[in-house]
Each structure stands twice: as C-alpha cells, then as structure tokens.
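J.: Pasting input_39.txt here (compact mmCIF, C-alpha atoms and all ligand atoms):
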# COMPACT_ATOMS: atom_id res chain seq x y z
CA MET A 1425 -1.31 -4.77 22.41
CA ILE A 1426 -0.79 -3.77 18.77
CA GLN A 1427 2.56 -2.44 17.65
CA LEU A 1428 2.90 -1.05 14.11
CA PHE A 1429 6.29 -0.50 12.49
CA SER A 1430 5.74 2.33 10.07
CA PHE A 1431 7.05 5.36 8.23
CA TRP A 1432 4.93 8.26 7.03
CA ARG A 1433 5.74 7.77 3.35
CA SER A 1434 5.36 3.99 3.21
CA LEU A 1435 2.53 3.05 0.86
CA ALA A 1436 2.36 -0.51 2.16
CA THR A 1437 1.97 0.83 5.71
CA TYR A 1438 -0.72 3.20 4.44
CA ARG A 1439 -2.67 0.11 3.34
CA VAL A 1440 -2.44 -1.43 6.80
CA ARG A 1441 -3.32 1.87 8.49
CA ILE A 1442 -6.50 2.10 6.43
CA ALA A 1443 -7.48 -1.45 7.43
CA LEU A 1444 -6.78 -0.73 11.10
CA ASN A 1445 -8.94 2.40 10.92
CA LEU A 1446 -11.78 0.58 9.14
CA LYS A 1447 -11.72 -2.06 11.88
CA GLY A 1448 -11.70 0.59 14.60
CA LEU A 1449 -8.28 -0.47 15.84
CA THR A 1450 -5.59 1.93 17.06
CA PRO A 1451 -2.05 0.66 17.51
CA ASN A 1452 -0.85 0.99 21.11
CA GLN A 1453 2.55 1.86 19.74
CA GLU A 1454 3.89 3.05 16.38
CA VAL A 1455 7.58 2.48 15.82
CA ASP A 1456 9.08 4.87 13.29
CA VAL A 1457 11.49 3.19 10.88
CA ASN A 1458 12.97 5.99 8.78
CA LEU A 1459 13.20 4.64 5.23
CA MET A 1460 14.98 7.78 4.07
CA LYS A 1461 17.81 7.07 6.52
CA GLY A 1462 17.94 3.33 5.76
CA ALA A 1463 16.71 2.36 9.23
CA GLN A 1464 14.91 -0.65 7.70
CA ARG A 1465 18.35 -2.24 7.18
CA GLU A 1466 19.54 -1.80 10.77
CA ALA A 1467 19.86 -4.93 12.89
CA ALA A 1468 17.01 -3.92 15.21
CA TYR A 1469 14.45 -3.84 12.40
CA ARG A 1470 15.99 -6.72 10.47
CA ALA A 1471 15.22 -8.88 13.49
CA VAL A 1472 11.57 -7.83 13.21
CA ASN A 1473 11.26 -8.28 9.44
CA PRO A 1474 14.16 -9.99 7.66
CA MET A 1475 12.87 -8.58 4.33
CA MET A 1476 13.81 -5.14 5.71
CA ALA A 1477 10.53 -3.66 4.49
CA LEU A 1478 7.59 -1.94 6.14
CA PRO A 1479 5.08 -2.56 7.52
CA ALA A 1480 5.32 -5.08 10.30
CA LEU A 1481 2.68 -5.56 12.93
CA VAL A 1482 2.91 -7.23 16.32
CA ASP A 1483 -0.42 -8.31 17.78
CA GLY A 1484 -0.08 -9.56 21.34
CA GLU A 1485 2.35 -12.40 21.84
CA GLY A 1486 4.42 -13.85 19.05
CA ALA A 1487 6.55 -12.68 16.18
CA ALA A 1488 5.72 -9.74 13.96
CA LEU A 1489 3.40 -10.20 11.01
CA PHE A 1490 4.75 -8.95 7.69
CA GLU A 1491 3.55 -8.16 4.13
CA SER A 1492 0.69 -5.67 3.98
CA LEU A 1493 -1.84 -7.97 2.26
CA ALA A 1494 -1.18 -10.79 4.72
CA ILE A 1495 -1.55 -8.38 7.64
CA ILE A 1496 -4.80 -6.96 6.25
CA GLU A 1497 -6.29 -10.44 5.77
CA TYR A 1498 -5.19 -11.31 9.31
CA LEU A 1499 -7.00 -8.21 10.63
CA ASP A 1500 -10.04 -9.12 8.54
CA GLU A 1501 -10.15 -12.62 10.00
CA THR A 1502 -9.57 -11.52 13.59
CA HIS A 1503 -11.97 -8.54 13.32
CA PRO A 1504 -14.58 -9.57 10.75
CA ASP A 1505 -16.66 -6.39 10.94
CA PRO A 1506 -16.73 -4.68 8.49
CA PRO A 1507 -15.64 -7.41 6.08
CA LEU A 1508 -12.95 -6.41 3.59
CA LEU A 1509 -13.53 -9.32 1.21
CA PRO A 1510 -16.73 -10.30 -0.59
CA LYS A 1511 -18.64 -13.39 0.55
CA ASP A 1512 -18.46 -15.24 -2.77
CA THR A 1513 -15.43 -17.12 -3.98
CA ARG A 1514 -15.23 -15.44 -7.39
CA GLY A 1515 -15.62 -12.02 -5.83
CA ARG A 1516 -12.80 -12.73 -3.39
CA ALA A 1517 -10.58 -13.84 -6.28
CA ARG A 1518 -11.35 -10.63 -8.19
CA VAL A 1519 -10.70 -8.39 -5.19
CA ARG A 1520 -7.44 -10.17 -4.38
CA GLY A 1521 -6.43 -9.94 -8.03
CA LEU A 1522 -7.02 -6.17 -8.12
CA ALA A 1523 -5.13 -5.78 -4.86
CA GLN A 1524 -2.22 -7.81 -6.13
CA ILE A 1525 -1.86 -5.72 -9.29
CA VAL A 1526 -0.96 -2.90 -6.92
CA ALA A 1527 0.84 -4.68 -4.11
CA CYS A 1528 2.61 -7.42 -6.08
CA ASP A 1529 3.03 -6.21 -9.68
CA SER A 1530 3.53 -2.45 -9.46
CA HIS A 1531 4.55 -1.27 -6.00
CA PRO A 1532 7.54 -3.66 -5.55
CA LEU A 1533 9.20 -2.13 -8.62
CA ILE A 1534 9.33 1.39 -7.18
CA VAL A 1535 10.31 0.84 -3.54
CA PRO A 1536 13.49 2.40 -2.09
CA ARG A 1537 15.62 -0.78 -2.37
CA VAL A 1538 14.89 -0.99 -6.12
CA ARG A 1539 15.42 2.74 -6.72
CA GLU A 1540 18.65 2.60 -4.72
CA TYR A 1541 19.88 -0.42 -6.72
CA LEU A 1542 19.13 1.38 -9.98
CA GLU A 1543 21.07 4.39 -8.72
CA HIS A 1544 24.07 2.88 -6.95
CA GLU A 1545 24.65 -0.45 -8.71
CA LEU A 1546 23.37 0.20 -12.24
CA LYS A 1547 24.34 3.93 -12.20
CA ILE A 1548 21.03 4.99 -13.71
CA ASP A 1549 20.52 8.74 -13.52
CA GLU A 1550 17.60 10.44 -11.78
CA PRO A 1551 15.45 11.25 -14.85
CA ALA A 1552 15.68 7.61 -15.98
CA ARG A 1553 14.84 6.38 -12.47
CA VAL A 1554 11.80 8.64 -12.37
CA ALA A 1555 10.76 7.37 -15.82
CA TRP A 1556 11.08 3.80 -14.49
CA CYS A 1557 8.81 4.52 -11.55
CA ARG A 1558 6.23 6.31 -13.66
CA HIS A 1559 6.25 3.51 -16.25
CA TRP A 1560 5.40 0.81 -13.68
CA HIS A 1561 2.77 3.02 -12.09
CA ILE A 1562 1.11 3.59 -15.44
CA GLN A 1563 1.16 -0.12 -16.31
CA ALA A 1564 -0.85 -0.82 -13.16
CA LEU A 1565 -3.23 2.07 -13.86
CA ILE A 1566 -3.91 0.75 -17.37
CA ALA A 1567 -4.70 -2.72 -16.03
CA LEU A 1568 -6.82 -1.44 -13.15
CA GLU A 1569 -8.82 0.88 -15.41
CA ALA A 1570 -9.65 -2.03 -17.73
CA HIS A 1571 -10.71 -4.26 -14.83
CA LEU A 1572 -12.82 -1.48 -13.32
CA GLY A 1573 -14.78 -1.28 -16.58
CA THR A 1574 -16.79 -4.42 -15.81
CA GLY A 1575 -20.23 -4.65 -14.22
CA GLU A 1576 -18.75 -5.93 -10.98
CA THR A 1577 -17.46 -2.45 -10.20
CA GLY A 1578 -19.81 -0.24 -8.24
CA ARG A 1579 -19.26 2.72 -5.99
CA PHE A 1580 -16.04 0.94 -5.06
CA CYS A 1581 -13.79 -1.51 -6.93
CA HIS A 1582 -16.10 -4.42 -6.21
CA GLY A 1583 -19.71 -3.45 -5.67
CA ASP A 1584 -20.67 -0.86 -3.11
CA GLN A 1585 -18.61 -2.02 -0.12
CA VAL A 1586 -15.01 -1.12 0.62
CA THR A 1587 -12.70 -4.06 0.06
CA ILE A 1588 -8.97 -4.74 0.10
CA ALA A 1589 -8.96 -3.70 -3.56
CA ASP A 1590 -9.98 -0.15 -2.58
CA ILE A 1591 -7.32 -0.05 0.10
CA CYS A 1592 -4.72 -0.93 -2.52
CA LEU A 1593 -6.21 1.47 -5.05
CA ALA A 1594 -5.86 4.28 -2.51
CA SER A 1595 -2.19 3.44 -2.01
CA GLN A 1596 -1.67 3.45 -5.79
CA ALA A 1597 -3.30 6.88 -5.94
CA ALA A 1598 -1.03 8.24 -3.21
CA GLY A 1599 2.00 6.76 -4.98
CA ALA A 1600 0.91 8.35 -8.26
CA LYS A 1601 0.95 11.76 -6.54
CA PHE A 1602 4.40 11.13 -5.04
CA PHE A 1603 5.81 10.20 -8.45
CA GLY A 1604 3.97 12.86 -10.47
CA VAL A 1605 1.77 10.46 -12.42
CA ASP A 1606 -1.43 12.01 -13.77
CA THR A 1607 -4.43 9.79 -13.03
CA ALA A 1608 -6.88 11.86 -15.12
CA PRO A 1609 -6.57 9.46 -18.10
CA PHE A 1610 -7.93 6.75 -15.77
CA PRO A 1611 -11.35 8.14 -14.80
CA LYS A 1612 -12.77 5.00 -13.14
CA PHE A 1613 -9.64 4.69 -11.02
CA ALA A 1614 -9.72 8.42 -10.21
CA ARG A 1615 -13.40 8.34 -9.24
CA ILE A 1616 -12.92 5.50 -6.75
CA ALA A 1617 -9.75 7.10 -5.38
CA GLU A 1618 -11.71 10.29 -4.73
CA THR A 1619 -14.56 8.37 -3.10
CA CYS A 1620 -12.08 6.61 -0.80
CA ALA A 1621 -10.33 9.89 0.03
CA GLY A 1622 -13.65 11.17 1.38
CA ILE A 1623 -13.86 8.34 3.93
CA ASP A 1624 -12.41 9.17 7.34
CA ALA A 1625 -10.58 5.84 7.72
CA PHE A 1626 -8.71 6.50 4.48
CA ALA A 1627 -8.17 10.22 5.08
CA ARG A 1628 -6.65 9.73 8.57
CA ALA A 1629 -4.32 7.02 7.27
CA HIS A 1630 -2.92 9.10 4.40
CA PRO A 1631 0.88 9.32 4.32
CA LEU A 1632 0.82 13.12 4.39
CA LYS A 1633 -1.21 13.05 7.64
CA GLN A 1634 1.41 11.05 9.52
CA PRO A 1635 4.00 12.40 11.96
CA GLY A 1636 7.16 13.39 10.13
CA ALA A 1637 5.42 14.05 6.79
CA PRO A 1638 6.16 17.36 5.07
CA ALA A 1639 3.53 20.05 5.72
N1 LIG A 1701 5.11 -6.34 -0.56
C1 LIG A 1701 5.37 -5.60 0.64
C2 LIG A 1701 6.10 -4.34 0.29
C3 LIG A 1701 6.87 -3.86 1.44
C4 LIG A 1701 7.78 -2.72 1.02
O1 LIG A 1701 8.56 -2.82 0.07
N2 LIG A 1701 7.66 -1.60 1.75
C5 LIG A 1701 8.47 -0.46 1.47
C6 LIG A 1701 7.81 0.80 1.93
S1 LIG A 1701 6.26 1.04 1.17
C7 LIG A 1701 9.78 -0.57 2.22
O2 LIG A 1701 9.78 -0.70 3.43
N3 LIG A 1701 10.88 -0.53 1.50
C8 LIG A 1701 12.18 -0.59 2.07
C9 LIG A 1701 13.20 -0.68 1.00
O3 LIG A 1701 12.83 -0.77 -0.16
O4 LIG A 1701 14.37 -0.61 1.35
C10 LIG A 1701 4.05 -5.24 1.36
O5 LIG A 1701 3.05 -5.06 0.68
O6 LIG A 1701 4.07 -5.16 2.59
Show how you would write the structure in this file as structure tokens.
T.:
Amino acid sequence: MIQLFSFWRSLATYRVRIALNLKGLTPNQEVDVNLMKGAQREAAYRAVNPMMALPALVDGEGAALFESLAIIEYLDETHPDPPLLPKDTRGRARVRGLAQIVACDSHPLIVPRVREYLEHELKIDEPARVAWCRHWHIQALIALEAHLGTGETGRFCHGDQVTIADICLASQAAGAKFFGVDTAPFPKFARIAETCAGIDAFARAHPLKQPGAPA
C-alpha cells in the first residue's frame, strides 16, 4: 500500500512521481494537499510531515517518509531495477551532488513558505519576489551547465542511464517554466531536459499532467 501526499504544482513531488514511474510503481492513494490554500500547514498534514512540505510517502506500515531525495533513494533501494544511481562511488557522489544543487541549493529558496515570508513579513513586492526566484533558478542553471560540460555527461547527466540527477534536472526545468526563466542560454541543461521530457515516466509525472493543474 503506497500513499503519496502530493499537489500538482509541487516540484519535489514531481521528482518522486518520476521515480515511482521509473520503478513501475503506482500509488494506491494520492492525497491532495493544496499548497495554494495552505493545506500543508493544517494539523492533519502537519502530523504527517512536521516540515509542512510535500511530498510525503507512506509505504505499508510505519510513519510517512519525507524529503524527495530521501524518498527516491528509499525507492531505489527497495526496488533496485532500474538503478537510479551509478555503481561506482565517485559516480554516485557526482550524481548526488548534481541532484543537491537542485533540491538543496536552489529549490528551497523559491518554495511557497519562502515566497510568502518575503511577501508578508518583509513586505517585498511582487516584481522583486519574482526577481528573487529567477535569480536562484539561474544560479543553479549556471552551476549545472558547468558541471554538465565534463566527459562524465552523456545522453543524460551522468552517462547514458537515467539517474537521480536527471530527475532533479527535470524538476528544475519545470520550475524554470513556472517562473519564466529562459533555459536557452544553458544548452546542455536544455538538451537533457528535452531528452527526459520524451520519456514516458517523466512525461506522465509532469506537474501540468496532474489532476487540478490548469489546462
Ligand atoms: N527539500 C524538500 C522540499 C520540500 C518542499 O519545500 N516542497 C514544497 C513543494 S515543491 C512545499 O511543500 N512547500 C510548502 C511551503 O513552502 O509552504 C524536498 O525535496 O522534498
């Protein structure tokens, strides 16, 4: 029994949805937590994930798992085929590093709780908030593009197999669209994003394909 707490627009949930699809897993239940209505802060969800952030995943008995990268590595360990990390230690470090640029350095700066704090507590107006989000997106794109310029990059971020780095890259690409960031100046990033978009497991997981997403 797999239960996924999700919201169509959530980029972190998009990452987990891609991993589930790649592993051939379908949640038995998806629980919609409407981030636009602040449902992540209601007591019911706070009891599931005290960080009040999506996603969370319940697998069988026990408490919910939280943090997209931790959930994806859990899925990779419990369902090893296809593997989402390279076999070699250095390769795993590189893939995790690329993934963390997205999930730990860039994405946390643009999530609703940060944007809402900028708006309500610091009284920063909308154009400045948008500039903030775009700035942190672009910083990640600059770093990723440089890393993708090495010989370790192949059809995907690391060689020719999909890894967690590609899952995170896809979420960065979706976020760039949401925030109006042009990825054309980052051709290696854009090429891999396009390759991923052509894979069914990525395409089906896309935020705009989820229930509740705008047409
Ligand atoms: N580092 C977390 C990020 C979780 C996160 O911030 N998720 C966003 C949606 S993508 C969220 O639920 N935000 C709620 C909020 O900011 O109030 C992960 O990768 O799972």
J.: Please determine, counting only C-alpha atoms, which residue among A:Gln1634, A:Ser1430, A:Ser1595, A:Thr1577 has the shortest atom-to-atom distance to Val1519 of chain A.
T.: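 Nearest to Val1519 of chain A: A:Thr1577.
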J.: Would you list the residues that come within 6 Å of ligand LIG 1701 (chain A)? Count all atoms listed in the file and give the answer as a ChimeraX atom specification.
T.: /A:1434-1436,1477-1479,1491-1493,1527,1532,1535-1537
J.: Record the distance separating atom CA of Gly1636 of chain A and atom CA of Arg1539 of chain A, expressed in Å with one decimal.
T.: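 Atom CA of Arg1539 of chain A lies at a distance of 21.6 Å from atom CA of Gly1636 of chain A.
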J.: Using only C-alpha atoms, which of A:Trp1432, A:Val1472, A:Tyr1438, A:Gln1427 sits nearest Asn1458 of chain A?
T.: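 Smallest separation from Asn1458 of chain A among the options: A:Trp1432.
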J.: Any idea what's packed within 7 Å of Cys1581 of chain A, counting all atoms listed in the file, ignoring anything in its chain fewer than 4 positions away? Could you give it as a PDB file with C-alpha atoms, in the frame of the given file?
T.:
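The resulting file, result.pdb, is reproduced below:
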ATOM      1  CA  LEU A1572     -12.820  -1.480 -13.320  1.00  0.00           C
ATOM      2  CA  THR A1577     -17.460  -2.450 -10.200  1.00  0.00           C
ATOM      3  CA  ALA A1589      -8.960  -3.700  -3.560  1.00  0.00           C
ATOM      4  CA  ASP A1590      -9.980  -0.150  -2.580  1.00  0.00           C
TER       5      ASP A1590
END
J.: Between A:Phe1431, A:Asp1512, A:Glu1569, A:Lys1447, which has the minimum distance to Phe1626 of chain A (counting only C-alpha atoms)?
T.: A:Lys1447
J.: In Å, how far is it from atom CA of Arg1514 of chain A to atom CA of Glu1576 of chain A?
T.: 10.8 Å
J.: Please indicate the distance in Å from atom CA of Glu1618 of chain A to atom CA of Pro1504 of chain A, rounded to one decimal place.
T.: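 Interatomic distance here is 25.3 Å.
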J.: List the spatial neighbours of Arg1628 of chain A as number ranges by chain - criterion: any atom at most 8 Å away, only C-alpha atoms, same-chain residues fewer than 4 positions off excluded.
T.: A: 1442, 1624, 1633
J.: Quick one: segment 1540-1558 of chain A with N, CA and C atoms, as a compact mmCIF listing (two decimals), in the coordinates of the input?
T.:
# COMPACT_ATOMS: atom_id res chain seq x y z
N GLU A 1540 17.25 2.47 -5.15
CA GLU A 1540 18.65 2.60 -4.72
C GLU A 1540 19.56 1.68 -5.54
N TYR A 1541 19.08 0.50 -5.89
CA TYR A 1541 19.88 -0.42 -6.72
C TYR A 1541 20.08 0.18 -8.11
N LEU A 1542 19.01 0.75 -8.66
CA LEU A 1542 19.13 1.38 -9.98
C LEU A 1542 20.17 2.50 -9.94
N GLU A 1543 20.16 3.25 -8.83
CA GLU A 1543 21.07 4.39 -8.72
C GLU A 1543 22.51 3.95 -8.45
N HIS A 1544 22.70 3.14 -7.41
CA HIS A 1544 24.07 2.88 -6.95
C HIS A 1544 24.75 1.74 -7.68
N GLU A 1545 24.02 0.71 -8.05
CA GLU A 1545 24.65 -0.45 -8.71
C GLU A 1545 24.63 -0.30 -10.23
N LEU A 1546 23.48 0.12 -10.78
CA LEU A 1546 23.37 0.20 -12.24
C LEU A 1546 23.69 1.60 -12.77
N LYS A 1547 23.93 2.56 -11.84
CA LYS A 1547 24.34 3.93 -12.20
C LYS A 1547 23.34 4.61 -13.15
N ILE A 1548 22.08 4.38 -12.89
CA ILE A 1548 21.03 4.99 -13.71
C ILE A 1548 20.71 6.37 -13.15
N ASP A 1549 20.67 7.37 -14.02
CA ASP A 1549 20.52 8.74 -13.52
C ASP A 1549 19.07 9.02 -13.08
N GLU A 1550 18.90 10.16 -12.40
CA GLU A 1550 17.60 10.44 -11.78
C GLU A 1550 16.44 10.50 -12.78
N PRO A 1551 16.60 11.22 -13.91
CA PRO A 1551 15.45 11.25 -14.85
C PRO A 1551 15.05 9.84 -15.31
N ALA A 1552 16.02 8.97 -15.53
CA ALA A 1552 15.68 7.61 -15.98
C ALA A 1552 15.03 6.82 -14.85
N ARG A 1553 15.46 7.08 -13.61
CA ARG A 1553 14.84 6.38 -12.47
C ARG A 1553 13.39 6.83 -12.30
N VAL A 1554 13.18 8.12 -12.48
CA VAL A 1554 11.80 8.64 -12.37
C VAL A 1554 10.94 8.04 -13.48
N ALA A 1555 11.51 7.96 -14.69
CA ALA A 1555 10.76 7.37 -15.82
C ALA A 1555 10.41 5.92 -15.51
N TRP A 1556 11.34 5.20 -14.90
CA TRP A 1556 11.08 3.80 -14.49
C TRP A 1556 9.86 3.73 -13.56
N CYS A 1557 9.90 4.56 -12.54
CA CYS A 1557 8.81 4.52 -11.55
C CYS A 1557 7.47 4.87 -12.20
N ARG A 1558 7.49 5.91 -13.02
CA ARG A 1558 6.23 6.31 -13.66
C ARG A 1558 5.74 5.21 -14.58
